[in-house]
Amino acid sequence: MAKSKKKSNFWKLFLAIIICEIAVVISGLVSQADTNVWFKALNKPSWNPPSYFFGPAWIFLYLLMGISIWLIWESHAKESLKINAELVFALQLFLNFLWSILLFRFHSPLLALITIVLLLTVVLFTFYYFVRISFIAAGLLSPYLAWLLFVAVINFSIWSMNKTVVVQTPIIHHNFSK
């Protein structure tokens, strides 16, 4: 029985990580920030990390998120508390995905900024529920929360540095005032 439980735990952990990693891979495929002509043309702060840094950072953070949600699934907390934690976790995954689409596909730093502020709020709620269930699960979200704050500042900087600029590429003409 103990061996079967360990196997089940392994597959649940694997599934949690795969779900999160699939979300980040799809987000990366949709956004294609490193090959996005529009995004490359934007003014960015001098302290903005190079584009090749973001992929590995997101992959690592989503790995931590997968382990974190697995700890919630495996906890012996009240079912209603676990359901709330899982729902806000799913919502923050969706908002993170939406943020990428709004910034990189719809070329809207302003809508992306609004979304990342909402995302930060939902991650704080996720943290609140997780800490009530598992301090370790909540702790694993801490680097994600710090990273989101950093990305939000970058997003704000990009929006403020480009809001009066019209970026023109062969395909895209975009005014940032909207």
# chains A, B, ... in the order shown; residues from 1 in each chain; ligands from 1

call {"tool": "closest_atom_pairs", "arguments": {"of": "stretch 3-113 of chain A", "to": "stretch 131-151 of chain A", "cutoff": "10 Å", "atoms": "only C-alpha atoms", "output": "JSON lines"}}
result
{"residue": "A:Asn48", "atom": "CA", "partner": "A:Val151", "partner_atom": "CA", "distance": 9.3}
{"residue": "A:Phe54", "atom": "CA", "partner": "A:Val151", "partner_atom": "CA", "distance": 9.9}
{"residue": "A:Ala57", "atom": "CA", "partner": "A:Trp147", "partner_atom": "CA", "distance": 8.7}
{"residue": "A:Trp58", "atom": "CA", "partner": "A:Tyr144", "partner_atom": "CA", "distance": 8.5}
{"residue": "A:Phe60", "atom": "CA", "partner": "A:Tyr144", "partner_atom": "CA", "distance": 9.3}
{"residue": "A:Leu61", "atom": "CA", "partner": "A:Tyr144", "partner_atom": "CA", "distance": 5.7}
{"residue": "A:Tyr62", "atom": "CA", "partner": "A:Tyr144", "partner_atom": "CA", "distance": 8.1}
{"residue": "A:Leu63", "atom": "CA", "partner": "A:Leu140", "partner_atom": "CA", "distance": 9.5}
{"residue": "A:Leu64", "atom": "CA", "partner": "A:Leu140", "partner_atom": "CA", "distance": 5.7}
{"residue": "A:Met65", "atom": "CA", "partner": "A:Leu141", "partner_atom": "CA", "distance": 6.2}
{"residue": "A:Gly66", "atom": "CA", "partner": "A:Leu140", "partner_atom": "CA", "distance": 9.3}
{"residue": "A:Ile67", "atom": "CA", "partner": "A:Ala137", "partner_atom": "CA", "distance": 7.4}
{"residue": "A:Ser68", "atom": "CA", "partner": "A:Ala137", "partner_atom": "CA", "distance": 4.3}
{"residue": "A:Ile69", "atom": "CA", "partner": "A:Ala137", "partner_atom": "CA", "distance": 7.0}
{"residue": "A:Trp70", "atom": "CA", "partner": "A:Ala137", "partner_atom": "CA", "distance": 8.3}
{"residue": "A:Leu71", "atom": "CA", "partner": "A:Ala137", "partner_atom": "CA", "distance": 5.9}
{"residue": "A:Ile72", "atom": "CA", "partner": "A:Ile133", "partner_atom": "CA", "distance": 6.7}
{"residue": "A:Trp73", "atom": "CA", "partner": "A:Ile133", "partner_atom": "CA", "distance": 9.9}
{"residue": "A:Glu74", "atom": "CA", "partner": "A:Ser134", "partner_atom": "CA", "distance": 10.0}
{"residue": "A:Ser75", "atom": "CA", "partner": "A:Ile133", "partner_atom": "CA", "distance": 7.0}
{"residue": "A:His76", "atom": "CA", "partner": "A:Ile133", "partner_atom": "CA", "distance": 8.2}
{"residue": "A:Ala77", "atom": "CA", "partner": "A:Ile133", "partner_atom": "CA", "distance": 6.0}
{"residue": "A:Lys78", "atom": "CA", "partner": "A:Ile133", "partner_atom": "CA", "distance": 8.7}
{"residue": "A:Leu81", "atom": "CA", "partner": "A:Ile133", "partner_atom": "CA", "distance": 7.8}
{"residue": "A:Lys82", "atom": "CA", "partner": "A:Ile133", "partner_atom": "CA", "distance": 7.6}
{"residue": "A:Ala85", "atom": "CA", "partner": "A:Ile133", "partner_atom": "CA", "distance": 8.7}
{"residue": "A:Asn96", "atom": "CA", "partner": "A:Leu148", "partner_atom": "CA", "distance": 9.4}
{"residue": "A:Leu113", "atom": "CA", "partner": "A:Val151", "partner_atom": "CA", "distance": 9.5}

call {"tool": "residues_around", "arguments": {"residues": "stretch 123-125 of chain A", "least_positions_apart": "5", "cutoff": "8 Å", "atoms": "only C-alpha atoms", "output": "list of chain:residue names"}}
result
A:Val88, A:Phe89, A:Gln92, A:Leu145

call {"tool": "write_last_selection", "arguments": {"atoms": "N, CA and C atoms", "output": "PDB file, in the first residue's frame"}}
result
ATOM      1  N   VAL A  88      -8.217  30.081  -7.086  1.00  0.00           N
ATOM      2  CA  VAL A  88      -7.424  31.301  -7.264  1.00  0.00           C
ATOM      3  C   VAL A  88      -6.106  30.985  -7.959  1.00  0.00           C
ATOM      4  N   PHE A  89      -5.568  29.793  -7.724  1.00  0.00           N
ATOM      5  CA  PHE A  89      -4.356  29.378  -8.427  1.00  0.00           C
ATOM      6  C   PHE A  89      -4.627  29.301  -9.934  1.00  0.00           C
ATOM      7  N   GLN A  92      -4.946  32.778 -11.420  1.00  0.00           N
ATOM      8  CA  GLN A  92      -3.687  33.487 -11.636  1.00  0.00           C
ATOM      9  C   GLN A  92      -2.932  32.899 -12.830  1.00  0.00           C
ATOM     10  N   LEU A 145       6.006  35.731  -6.827  1.00  0.00           N
ATOM     11  CA  LEU A 145       5.452  37.035  -6.459  1.00  0.00           C
ATOM     12  C   LEU A 145       6.496  38.141  -6.644  1.00  0.00           C
TER      13      LEU A 145
END

call {"tool": "closest_atom_pairs", "arguments": {"of": "stretch 55-173 of chain A", "to": "stretch 28-33 of chain A", "cutoff": "10 Å", "atoms": "only C-alpha atoms", "output": "tab-separated table"}}
result
residue	atom	partner	partner_atom	distance
A:Gly55	CA	A:Gly28	CA	7.5
A:Trp58	CA	A:Gly28	CA	9.3
A:Ile59	CA	A:Gly28	CA	9.9
A:Phe97	CA	A:Gly28	CA	9.0
A:Trp99	CA	A:Ser31	CA	9.6
A:Ser100	CA	A:Ser31	CA	5.8
A:Ile101	CA	A:Ser31	CA	6.1
A:Leu102	CA	A:Ser31	CA	8.9
A:Leu103	CA	A:Ser31	CA	7.9
A:Phe104	CA	A:Ser31	CA	5.0
A:Arg105	CA	A:Ser31	CA	6.1
A:Phe106	CA	A:Ser31	CA	9.6

call {"tool": "residues_around", "arguments": {"residues": "A:Val117", "least_positions_apart": "5", "cutoff": "9 Å", "atoms": "only C-alpha atoms", "output": "ChimeraX atom specification"}}
result
/A:112,122,149,152

call {"tool": "atom_distance", "arguments": {"atom1": "atom CA of A:Asn84", "atom2": "atom CA of A:Asn155"}}
result
29.0 Å
